[in-house]
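Asks: One file is attached below, protein.pdb, containing PDB, C-alpha atoms and all ligand atoms.
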ATOM      1  CA  MET A  20      20.970 -40.436  75.230  1.00  0.00           C
ATOM      2  CA  ASN A  21      22.276 -36.979  74.335  1.00  0.00           C
ATOM      3  CA  ALA A  22      22.797 -36.324  70.668  1.00  0.00           C
ATOM      4  CA  LEU A  23      26.310 -35.639  69.431  1.00  0.00           C
ATOM      5  CA  LEU A  24      24.844 -34.938  66.000  1.00  0.00           C
ATOM      6  CA  GLU A  25      21.170 -34.024  65.749  1.00  0.00           C
ATOM      7  CA  SER A  26      18.995 -35.553  63.074  1.00  0.00           C
ATOM      8  CA  SER A  27      18.505 -32.184  61.338  1.00  0.00           C
ATOM      9  CA  ALA A  28      22.279 -31.597  61.144  1.00  0.00           C
ATOM     10  CA  ILE A  29      22.820 -35.066  59.681  1.00  0.00           C
ATOM     11  CA  GLN A  30      20.041 -34.581  57.134  1.00  0.00           C
ATOM     12  CA  SER A  31      21.383 -31.279  55.861  1.00  0.00           C
ATOM     13  CA  ARG A  32      24.968 -32.550  55.691  1.00  0.00           C
ATOM     14  CA  VAL A  33      23.862 -35.640  53.761  1.00  0.00           C
ATOM     15  CA  ARG A  34      22.061 -33.396  51.256  1.00  0.00           C
ATOM     16  CA  GLU A  35      25.263 -31.354  50.836  1.00  0.00           C
ATOM     17  CA  LEU A  36      27.308 -34.498  50.265  1.00  0.00           C
ATOM     18  CA  ALA A  37      24.831 -35.715  47.644  1.00  0.00           C
ATOM     19  CA  GLN A  38      25.171 -32.433  45.751  1.00  0.00           C
ATOM     20  CA  GLU A  39      28.943 -32.495  46.022  1.00  0.00           C
ATOM     21  CA  ILE A  40      29.048 -36.064  44.691  1.00  0.00           C
ATOM     22  CA  GLU A  41      26.732 -35.304  41.785  1.00  0.00           C
ATOM     23  CA  GLY A  42      28.812 -32.292  40.805  1.00  0.00           C
ATOM     24  CA  ASP A  43      31.942 -34.440  40.561  1.00  0.00           C
ATOM     25  CA  TYR A  44      30.655 -36.821  37.862  1.00  0.00           C
ATOM     26  CA  PRO A  45      29.809 -36.103  34.238  1.00  0.00           C
ATOM     27  CA  ALA A  46      26.075 -35.469  33.741  1.00  0.00           C
ATOM     28  CA  GLY A  47      24.158 -38.553  32.697  1.00  0.00           C
ATOM     29  CA  GLU A  48      26.744 -41.026  34.019  1.00  0.00           C
ATOM     30  CA  GLU A  49      25.433 -43.659  36.383  1.00  0.00           C
ATOM     31  CA  ILE A  50      26.943 -43.710  39.856  1.00  0.00           C
ATOM     32  CA  HIS A  51      27.093 -47.151  41.454  1.00  0.00           C
ATOM     33  CA  LEU A  52      26.899 -46.961  45.238  1.00  0.00           C
ATOM     34  CA  VAL A  53      28.251 -49.875  47.264  1.00  0.00           C
ATOM     35  CA  GLY A  54      26.816 -49.775  50.777  1.00  0.00           C
ATOM     36  CA  VAL A  55      28.766 -51.452  53.551  1.00  0.00           C
ATOM     37  CA  LEU A  56      26.458 -53.453  55.797  1.00  0.00           C
ATOM     38  CA  LYS A  57      25.207 -53.190  58.252  1.00  0.00           C
ATOM     39  CA  GLY A  58      26.198 -49.773  59.599  1.00  0.00           C
ATOM     40  CA  GLY A  59      26.079 -47.931  56.275  1.00  0.00           C
ATOM     41  CA  PHE A  60      22.503 -48.703  55.283  1.00  0.00           C
ATOM     42  CA  VAL A  61      20.804 -45.662  56.848  1.00  0.00           C
ATOM     43  CA  PHE A  62      23.344 -43.223  55.401  1.00  0.00           C
ATOM     44  CA  MET A  63      22.975 -44.947  52.025  1.00  0.00           C
ATOM     45  CA  ALA A  64      19.187 -44.704  52.136  1.00  0.00           C
ATOM     46  CA  ASP A  65      19.240 -40.963  52.830  1.00  0.00           C
ATOM     47  CA  LEU A  66      22.084 -40.258  50.420  1.00  0.00           C
ATOM     48  CA  ILE A  67      20.404 -41.825  47.371  1.00  0.00           C
ATOM     49  CA  ARG A  68      17.157 -40.012  48.095  1.00  0.00           C
ATOM     50  CA  SER A  69      19.029 -36.710  47.884  1.00  0.00           C
ATOM     51  CA  MET A  70      20.537 -37.615  44.523  1.00  0.00           C
ATOM     52  CA  THR A  71      18.817 -36.838  41.249  1.00  0.00           C
ATOM     53  CA  THR A  72      21.306 -38.418  38.834  1.00  0.00           C
ATOM     54  CA  ARG A  73      21.170 -42.064  37.800  1.00  0.00           C
ATOM     55  CA  VAL A  74      22.241 -44.302  40.643  1.00  0.00           C
ATOM     56  CA  SER A  75      22.395 -48.026  41.202  1.00  0.00           C
ATOM     57  CA  VAL A  76      23.092 -49.744  44.492  1.00  0.00           C
ATOM     58  CA  ASP A  77      24.632 -52.915  45.795  1.00  0.00           C
ATOM     59  CA  PHE A  78      25.704 -54.044  49.243  1.00  0.00           C
ATOM     60  CA  ILE A  79      28.674 -55.782  50.756  1.00  0.00           C
ATOM     61  CA  ALA A  80      29.035 -57.020  54.327  1.00  0.00           C
ATOM     62  CA  VAL A  81      32.210 -57.123  56.362  1.00  0.00           C
ATOM     63  CA  SER A  82      32.781 -57.255  60.065  1.00  0.00           C
ATOM     64  CA  SER A  83      35.736 -56.124  62.113  1.00  0.00           C
ATOM     65  CA  TYR A  84      34.308 -55.599  65.564  1.00  0.00           C
ATOM     66  CA  GLY A  85      32.250 -58.532  66.817  1.00  0.00           C
ATOM     67  CA  ALA A  86      30.247 -57.366  69.805  1.00  0.00           C
ATOM     68  CA  GLY A  87      32.877 -55.084  71.365  1.00  0.00           C
ATOM     69  CA  THR A  88      33.718 -51.414  70.984  1.00  0.00           C
ATOM     70  CA  LYS A  89      37.370 -51.825  69.937  1.00  0.00           C
ATOM     71  CA  SER A  90      38.525 -52.959  66.515  1.00  0.00           C
ATOM     72  CA  SER A  91      40.245 -56.318  66.403  1.00  0.00           C
ATOM     73  CA  GLY A  92      41.959 -55.201  63.206  1.00  0.00           C
ATOM     74  CA  GLU A  93      40.782 -58.376  61.554  1.00  0.00           C
ATOM     75  CA  VAL A  94      38.356 -57.870  58.671  1.00  0.00           C
ATOM     76  CA  ARG A  95      35.981 -60.661  57.725  1.00  0.00           C
ATOM     77  CA  PHE A  96      34.084 -60.772  54.449  1.00  0.00           C
ATOM     78  CA  GLN A  97      30.476 -61.867  55.046  1.00  0.00           C
ATOM     79  CA  LYS A  98      28.520 -61.013  51.904  1.00  0.00           C
ATOM     80  CA  ASP A  99      29.863 -60.245  48.457  1.00  0.00           C
ATOM     81  CA  LEU A 100      28.341 -57.938  45.831  1.00  0.00           C
ATOM     82  CA  ASP A 101      25.606 -59.195  43.501  1.00  0.00           C
ATOM     83  CA  THR A 102      26.869 -57.447  40.363  1.00  0.00           C
ATOM     84  CA  SER A 103      30.138 -56.627  38.603  1.00  0.00           C
ATOM     85  CA  LEU A 104      31.966 -53.321  39.136  1.00  0.00           C
ATOM     86  CA  GLU A 105      33.686 -53.384  35.787  1.00  0.00           C
ATOM     87  CA  ASP A 106      33.747 -50.014  34.040  1.00  0.00           C
ATOM     88  CA  ARG A 107      31.400 -48.411  36.573  1.00  0.00           C
ATOM     89  CA  HIS A 108      31.789 -45.266  38.643  1.00  0.00           C
ATOM     90  CA  VAL A 109      31.807 -46.808  42.109  1.00  0.00           C
ATOM     91  CA  ILE A 110      31.448 -45.098  45.471  1.00  0.00           C
ATOM     92  CA  ILE A 111      31.853 -47.104  48.668  1.00  0.00           C
ATOM     93  CA  VAL A 112      29.302 -45.849  51.215  1.00  0.00           C
ATOM     94  CA  GLU A 113      30.437 -46.531  54.773  1.00  0.00           C
ATOM     95  CA  ASP A 114      29.180 -45.377  58.168  1.00  0.00           C
ATOM     96  CA  ILE A 115      32.487 -44.496  59.812  1.00  0.00           C
ATOM     97  CA  VAL A 116      36.228 -44.658  59.200  1.00  0.00           C
ATOM     98  CA  ASP A 117      38.092 -45.381  62.410  1.00  0.00           C
ATOM     99  CA  THR A 118      41.452 -47.215  62.136  1.00  0.00           C
ATOM    100  CA  GLY A 119      40.936 -47.333  58.368  1.00  0.00           C
ATOM    101  CA  LEU A 120      41.632 -51.087  58.240  1.00  0.00           C
ATOM    102  CA  THR A 121      38.160 -52.043  56.992  1.00  0.00           C
ATOM    103  CA  LEU A 122      38.157 -49.447  54.234  1.00  0.00           C
ATOM    104  CA  LYS A 123      41.722 -50.193  53.185  1.00  0.00           C
ATOM    105  CA  TYR A 124      40.775 -53.827  52.777  1.00  0.00           C
ATOM    106  CA  LEU A 125      37.570 -53.010  50.894  1.00  0.00           C
ATOM    107  CA  GLN A 126      39.252 -50.514  48.577  1.00  0.00           C
ATOM    108  CA  ASP A 127      41.969 -53.035  47.720  1.00  0.00           C
ATOM    109  CA  VAL A 128      39.461 -55.800  47.011  1.00  0.00           C
ATOM    110  CA  LEU A 129      37.099 -53.623  44.955  1.00  0.00           C
ATOM    111  CA  ARG A 130      39.847 -51.933  42.958  1.00  0.00           C
ATOM    112  CA  GLN A 131      40.829 -55.351  41.600  1.00  0.00           C
ATOM    113  CA  ARG A 132      37.397 -55.590  39.995  1.00  0.00           C
ATOM    114  CA  ALA A 133      38.258 -52.916  37.417  1.00  0.00           C
ATOM    115  CA  PRO A 134      35.804 -50.098  38.221  1.00  0.00           C
ATOM    116  CA  ARG A 135      36.066 -47.034  35.959  1.00  0.00           C
ATOM    117  CA  SER A 136      36.577 -44.990  39.126  1.00  0.00           C
ATOM    118  CA  LEU A 137      36.536 -45.791  42.843  1.00  0.00           C
ATOM    119  CA  LYS A 138      35.815 -43.299  45.599  1.00  0.00           C
ATOM    120  CA  THR A 139      34.628 -43.496  49.190  1.00  0.00           C
ATOM    121  CA  ALA A 140      31.966 -41.630  51.172  1.00  0.00           C
ATOM    122  CA  CYS A 141      31.893 -41.915  54.976  1.00  0.00           C
ATOM    123  CA  LEU A 142      29.366 -40.228  57.181  1.00  0.00           C
ATOM    124  CA  LEU A 143      31.852 -40.027  60.073  1.00  0.00           C
ATOM    125  CA  SER A 144      35.615 -40.016  60.479  1.00  0.00           C
ATOM    126  CA  LYS A 145      37.754 -40.394  63.606  1.00  0.00           C
ATOM    127  CA  PRO A 146      41.142 -39.257  62.279  1.00  0.00           C
ATOM    128  CA  SER A 147      42.919 -39.611  65.634  1.00  0.00           C
ATOM    129  CA  ARG A 148      42.416 -43.383  65.487  1.00  0.00           C
ATOM    130  CA  ARG A 149      43.825 -43.981  62.005  1.00  0.00           C
ATOM    131  CA  LYS A 150      46.316 -46.854  61.682  1.00  0.00           C
ATOM    132  CA  VAL A 151      46.522 -46.853  57.902  1.00  0.00           C
ATOM    133  CA  GLU A 152      46.174 -44.032  55.381  1.00  0.00           C
ATOM    134  CA  VAL A 153      43.037 -44.412  53.268  1.00  0.00           C
ATOM    135  CA  PRO A 154      41.635 -41.898  50.815  1.00  0.00           C
ATOM    136  CA  VAL A 155      38.087 -40.801  51.724  1.00  0.00           C
ATOM    137  CA  GLU A 156      36.807 -38.269  49.193  1.00  0.00           C
ATOM    138  CA  TYR A 157      33.530 -37.464  50.967  1.00  0.00           C
ATOM    139  CA  ILE A 158      33.311 -37.107  54.763  1.00  0.00           C
ATOM    140  CA  GLY A 159      30.160 -35.994  56.571  1.00  0.00           C
ATOM    141  CA  PHE A 160      31.561 -35.133  59.988  1.00  0.00           C
ATOM    142  CA  THR A 161      34.916 -35.448  61.725  1.00  0.00           C
ATOM    143  CA  ILE A 162      34.511 -36.569  65.336  1.00  0.00           C
ATOM    144  CA  GLU A 163      36.719 -37.259  68.348  1.00  0.00           C
ATOM    145  CA  ASP A 164      37.693 -40.685  69.617  1.00  0.00           C
ATOM    146  CA  ARG A 165      34.329 -41.717  71.070  1.00  0.00           C
ATOM    147  CA  PHE A 166      32.250 -44.802  70.425  1.00  0.00           C
ATOM    148  CA  VAL A 167      29.086 -43.582  68.740  1.00  0.00           C
ATOM    149  CA  VAL A 168      25.746 -45.212  67.994  1.00  0.00           C
ATOM    150  CA  GLY A 169      22.611 -44.362  66.042  1.00  0.00           C
ATOM    151  CA  TYR A 170      21.750 -43.606  62.402  1.00  0.00           C
ATOM    152  CA  GLY A 171      22.729 -47.163  61.429  1.00  0.00           C
ATOM    153  CA  LEU A 172      25.580 -47.558  63.907  1.00  0.00           C
ATOM    154  CA  ASP A 173      25.105 -50.148  66.622  1.00  0.00           C
ATOM    155  CA  PHE A 174      26.416 -51.428  69.880  1.00  0.00           C
ATOM    156  CA  ASP A 175      25.730 -55.145  70.049  1.00  0.00           C
ATOM    157  CA  GLU A 176      23.019 -54.669  67.364  1.00  0.00           C
ATOM    158  CA  LYS A 177      21.212 -52.017  69.413  1.00  0.00           C
ATOM    159  CA  TYR A 178      20.574 -48.314  68.659  1.00  0.00           C
ATOM    160  CA  ARG A 179      20.738 -48.542  64.839  1.00  0.00           C
ATOM    161  CA  ASN A 180      17.267 -46.985  64.651  1.00  0.00           C
ATOM    162  CA  LEU A 181      18.101 -43.733  66.468  1.00  0.00           C
ATOM    163  CA  PRO A 182      17.591 -40.859  64.006  1.00  0.00           C
ATOM    164  CA  TYR A 183      20.548 -39.005  65.589  1.00  0.00           C
ATOM    165  CA  ILE A 184      24.105 -39.968  66.581  1.00  0.00           C
ATOM    166  CA  ALA A 185      25.013 -40.280  70.261  1.00  0.00           C
ATOM    167  CA  VAL A 186      28.105 -41.172  72.279  1.00  0.00           C
ATOM    168  CA  LEU A 187      27.662 -44.500  74.031  1.00  0.00           C
ATOM    169  CA  ASN A 188      28.328 -44.263  77.763  1.00  0.00           C
ATOM    170  CA  GLU A 189      28.713 -47.751  79.198  1.00  0.00           C
TER     171      GLU A 189
HETATM  172  P1  LIG A 201      37.932 -49.433  61.105  1.00  0.00           P
HETATM  173  O1  LIG A 201      38.288 -50.656  60.320  1.00  0.00           O
HETATM  174  O2  LIG A 201      38.108 -48.145  60.349  1.00  0.00           O
HETATM  175  O3  LIG A 201      38.673 -49.406  62.420  1.00  0.00           O
HETATM  176  O4  LIG A 201      36.451 -49.591  61.574  1.00  0.00           O
HETATM  177  C1  LIG A 201      35.407 -49.428  60.737  1.00  0.00           C
HETATM  178  C2  LIG A 201      34.179 -50.087  61.274  1.00  0.00           C
HETATM  179  O5  LIG A 201      34.198 -50.194  62.688  1.00  0.00           O
HETATM  180  C3  LIG A 201      32.978 -49.264  60.954  1.00  0.00           C
HETATM  181  O6  LIG A 201      32.430 -49.642  59.724  1.00  0.00           O
HETATM  182  C4  LIG A 201      32.048 -49.566  62.098  1.00  0.00           C
HETATM  183  O7  LIG A 201      31.298 -50.715  61.806  1.00  0.00           O
HETATM  184  C5  LIG A 201      32.962 -49.855  63.255  1.00  0.00           C
HETATM  185  N1  LIG A 201      33.140 -48.674  64.115  1.00  0.00           N
HETATM  186  C6  LIG A 201      34.217 -47.882  64.237  1.00  0.00           C
HETATM  187  N2  LIG A 201      34.004 -46.895  65.119  1.00  0.00           N
HETATM  188  C7  LIG A 201      32.750 -47.074  65.569  1.00  0.00           C
HETATM  189  C8  LIG A 201      31.922 -46.356  66.497  1.00  0.00           C
HETATM  190  O8  LIG A 201      32.281 -45.337  67.111  1.00  0.00           O
HETATM  191  N3  LIG A 201      30.667 -46.850  66.687  1.00  0.00           N
HETATM  192  C9  LIG A 201      30.190 -47.960  66.043  1.00  0.00           C
HETATM  193  N4  LIG A 201      28.955 -48.335  66.318  1.00  0.00           N
HETATM  194  N5  LIG A 201      30.945 -48.645  65.166  1.00  0.00           N
HETATM  195  C10 LIG A 201      32.201 -48.200  64.937  1.00  0.00           C
END
Translate the structure described by the file into structure tokens.
Ligand code: 5GP
Replies:
Amino acid sequence: MNALLESSAIQSRVRELAQEIEGDYPAGEEIHLVGVLKGGFVFMADLIRSMTTRVSVDFIAVSSYGAGTKSSGEVRFQKDLDTSLEDRHVIIVEDIVDTGLTLKYLQDVLRQRAPRSLKTACLLSKPSRRKVEVPVEYIGFTIEDRFVVGYGLDFDEKYRNLPYIAVLNE
């Protein structure tokens, strides 16, 4: 598969995002990263290793796609967080924002848990597909309306292990 985003480009952008994030929080404050499974786990793993401030992590699992390449618009909650968000600086770490429905749902649910602050980091964004407005403070790359795989993103559970991001041609 041809790379849309090479591994080296992803790595350097993730390092930039980590620096940007760290600069936005008071020194010494812990940042609590909430990774969205499964797609967000590779981005999360690289992001935290580029951060030097205090971080803690937790994971949440939702699904909106099933095995297809088009969103059903229906978000299902599959695994909740292990720890409370109360009074913490929380950043949702997601692979990609497409229609925005998944993130909108997650932001609404997590905001009710009284975090001190709530922001979102997405490696990829497809703005042309947005159905709802969602704030995303940190975006790695803006891409066109293509179904992409690799770097955590799957098609039918395949391709998550690619170190680069490719457009799926099926
Ligand atoms: P949204 O709710 O914004 O439409 O969709 C978000 C979720 O859909 C993402 O977390 C991701 O799991 C999946 N998704 C959206 N676009 C793509 C894509 O191009 N490739 C893959 N593999 N998943 C996608």
Asks: With distances taken over all atoms listed in the file, which of A:Val112, A:Met20, A:Leu122, A:Leu129 is nearest to Gly169 (chain A)?
Replies: A:Met20
Asks: On this structure, which residues satisfy the PyMOL selection byres (((chain A and resi 33) around 12) and not hetatm), written as a PyMOL selection string?
Replies: chain A and resi 26-32+34-40+61-70+112+114+140-143+157-160+170
Asks: Give me the box for ligand LIG 201 (chain A) as lines of an AutoDock Vina configuration file, namely the centre and edge lengths in Å to one decimal of a box along x, y and z that holds every listed atom plus 8 Å on each side.
Replies:
center_x = 33.8
center_y = -48.0
center_z = 63.4
size_x = 25.7
size_y = 21.4
size_z = 23.4
Asks: Could you give me, as CSV, a per-residue list for chain A showing, wherever an atom lies at most 6 Å from an atom of ligand LIG 201 (chain A), the closest pair of atoms and their distance in Å to one decimal, using all atoms listed in the file and sorting by chain then residue number from low to high?
Replies:
residue,atom,partner,partner_atom,distance
A:Gly58,CA,A:LIG201,O7,5.6
A:Ser90,CA,A:LIG201,O3,5.4
A:Asp114,CA,A:LIG201,O6,5.6
A:Ile115,CA,A:LIG201,C3,4.9
A:Val116,CA,A:LIG201,O2,4.1
A:Asp117,CA,A:LIG201,O2,3.4
A:Thr118,CA,A:LIG201,O3,3.6
A:Gly119,CA,A:LIG201,O2,3.5
A:Leu120,CA,A:LIG201,O1,4.0
A:Thr121,CA,A:LIG201,O1,3.6
A:Arg165,CA,A:LIG201,O8,5.7
A:Phe166,CA,A:LIG201,O8,3.4
A:Val167,CA,A:LIG201,O8,4.0
A:Val168,CA,A:LIG201,N4,4.8
A:Leu172,CA,A:LIG201,N4,4.2
A:Asp173,CA,A:LIG201,N4,4.3
A:Phe174,CA,A:LIG201,N4,5.4
Asks: To one decimal place in Å, what is the distance between CA of Ser136 (chain A) and CA of Ile111 (chain A)?
Replies: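 These two atoms are separated by 10.9 Å.
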Asks: Report the residues retrieved by the PyMOL selection byres (((chain A and resi 145) around 7) and not hetatm) from the displayed file, expressed as an MDAnalysis selection string.
Replies: chainID A and resid 116:117 143:144 146:148 161:164
Asks: Return as JSON, numbers by chain the set of residues that the PyMOL selection byres (((chain A and resi 42-56) around 6) and not hetatm) yields on the displayed structure.
Replies: {"A": [39, 40, 41, 57, 58, 59, 73, 74, 75, 76, 77, 78, 79, 80, 108, 109, 110, 111, 112, 113]}
Asks: Quick one, how far is CA of Asn188 (chain A) from CA of Phe60 (chain A)?
Replies: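 Going from CA of Asn188 (chain A) over to CA of Phe60 (chain A), I get 23.6 Å.
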Asks: Can you work out the spacing between CA of Pro134 (chain A) and CA of Ser103 (chain A) in Å, to one decimal?
Replies: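 Interatomic distance, CA of Pro134 (chain A) to CA of Ser103 (chain A): 8.7 Å.
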Asks: Considering only C-alpha atoms, return as a list of chain:residue names whatever protein or nucleic-acid residues lie within 8 Å of Ser82 (chain A), sequence-local ones (same chain, fewer than 3 positions apart) excluded.
Replies: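 Here the answer would be A:Gly85, A:Val94, A:Arg95, A:Phe96, A:Gln97.
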Asks: Rank A:Glu152, A:Glu25, A:Asp106, A:Asp101 by their smallest atom-to-atom distance to Tyr124 (chain A), using all atoms listed in the file, and report the top residue only.
Replies: A:Glu152
Asks: Which one of A:Val186, A:Leu125, A:Leu24, A:Val155 sits closest to Lys138 (chain A) if you count only C-alpha atoms?
Replies: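 Among the listed residues, A:Val155 lies closest to Lys138 (chain A).
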Asks: From the structure just shown, export region 26-36 of chain A with all heavy atoms as a compact mmCIF listing (two decimals), in the first residue's frame.
Replies:
# COMPACT_ATOMS: atom_id res chain seq x y z
N SER A 26 5.75 7.28 7.99
CA SER A 26 6.04 7.11 9.40
C SER A 26 6.84 8.30 9.97
O SER A 26 6.53 8.81 11.05
CB SER A 26 6.81 5.81 9.59
OG SER A 26 7.30 5.72 10.87
N SER A 27 7.85 8.76 9.21
CA SER A 27 8.70 9.84 9.73
C SER A 27 7.90 11.14 9.90
O SER A 27 8.11 11.89 10.85
CB SER A 27 9.89 10.06 8.81
OG SER A 27 9.43 10.31 7.50
N ALA A 28 6.96 11.38 8.98
CA ALA A 28 6.13 12.59 9.06
C ALA A 28 5.20 12.50 10.27
O ALA A 28 4.99 13.49 10.99
CB ALA A 28 5.31 12.77 7.79
N ILE A 29 4.66 11.32 10.50
CA ILE A 29 3.77 11.13 11.66
C ILE A 29 4.56 11.35 12.95
O ILE A 29 4.14 12.08 13.84
CB ILE A 29 3.15 9.72 11.65
CG1 ILE A 29 2.30 9.51 10.40
CG2 ILE A 29 2.29 9.51 12.91
CD1 ILE A 29 1.81 8.07 10.20
N GLN A 30 5.75 10.72 13.01
CA GLN A 30 6.55 10.83 14.23
C GLN A 30 6.90 12.28 14.55
O GLN A 30 6.81 12.71 15.70
CB GLN A 30 7.85 10.02 14.09
CG GLN A 30 7.64 8.52 13.98
CD GLN A 30 6.93 7.91 15.18
OE1 GLN A 30 7.11 8.36 16.30
NE2 GLN A 30 6.11 6.90 14.94
N SER A 31 7.28 13.05 13.53
CA SER A 31 7.68 14.42 13.86
C SER A 31 6.47 15.28 14.21
O SER A 31 6.54 16.14 15.09
CB SER A 31 8.54 15.06 12.78
OG SER A 31 7.84 15.17 11.60
N ARG A 32 5.34 15.02 13.58
CA ARG A 32 4.12 15.78 13.93
C ARG A 32 3.65 15.44 15.35
O ARG A 32 3.20 16.32 16.08
CB ARG A 32 3.01 15.48 12.91
CG ARG A 32 1.74 16.25 13.11
CD ARG A 32 1.92 17.76 12.90
NE ARG A 32 0.72 18.49 13.25
CZ ARG A 32 0.67 19.55 14.06
NH1 ARG A 32 1.79 20.04 14.57
NH2 ARG A 32 -0.46 20.13 14.33
N VAL A 33 3.76 14.17 15.72
CA VAL A 33 3.34 13.77 17.07
C VAL A 33 4.23 14.45 18.12
O VAL A 33 3.75 14.92 19.15
CB VAL A 33 3.34 12.23 17.22
CG1 VAL A 33 3.14 11.82 18.68
CG2 VAL A 33 2.24 11.61 16.36
N ARG A 34 5.53 14.55 17.82
CA ARG A 34 6.43 15.25 18.75
C ARG A 34 6.04 16.72 18.89
O ARG A 34 6.03 17.27 19.99
CB ARG A 34 7.89 15.14 18.28
CG ARG A 34 8.55 13.81 18.69
CD ARG A 34 10.06 13.89 18.56
NE ARG A 34 10.48 14.07 17.17
CZ ARG A 34 10.67 13.05 16.31
NH1 ARG A 34 10.50 11.80 16.70
NH2 ARG A 34 11.04 13.28 15.07
N GLU A 35 5.67 17.35 17.76
CA GLU A 35 5.23 18.75 17.81
C GLU A 35 3.97 18.90 18.66
O GLU A 35 3.86 19.83 19.46
CB GLU A 35 4.89 19.25 16.39
CG GLU A 35 6.06 19.70 15.57
CD GLU A 35 5.63 20.07 14.14
OE1 GLU A 35 4.41 20.17 13.86
OE2 GLU A 35 6.53 20.25 13.30
N LEU A 36 3.02 17.98 18.45
CA LEU A 36 1.78 18.05 19.22
C LEU A 36 2.05 17.92 20.72
O LEU A 36 1.46 18.63 21.53
CB LEU A 36 0.81 16.94 18.79
CG LEU A 36 0.08 17.12 17.47
CD1 LEU A 36 -0.78 15.88 17.18
CD2 LEU A 36 -0.81 18.37 17.49
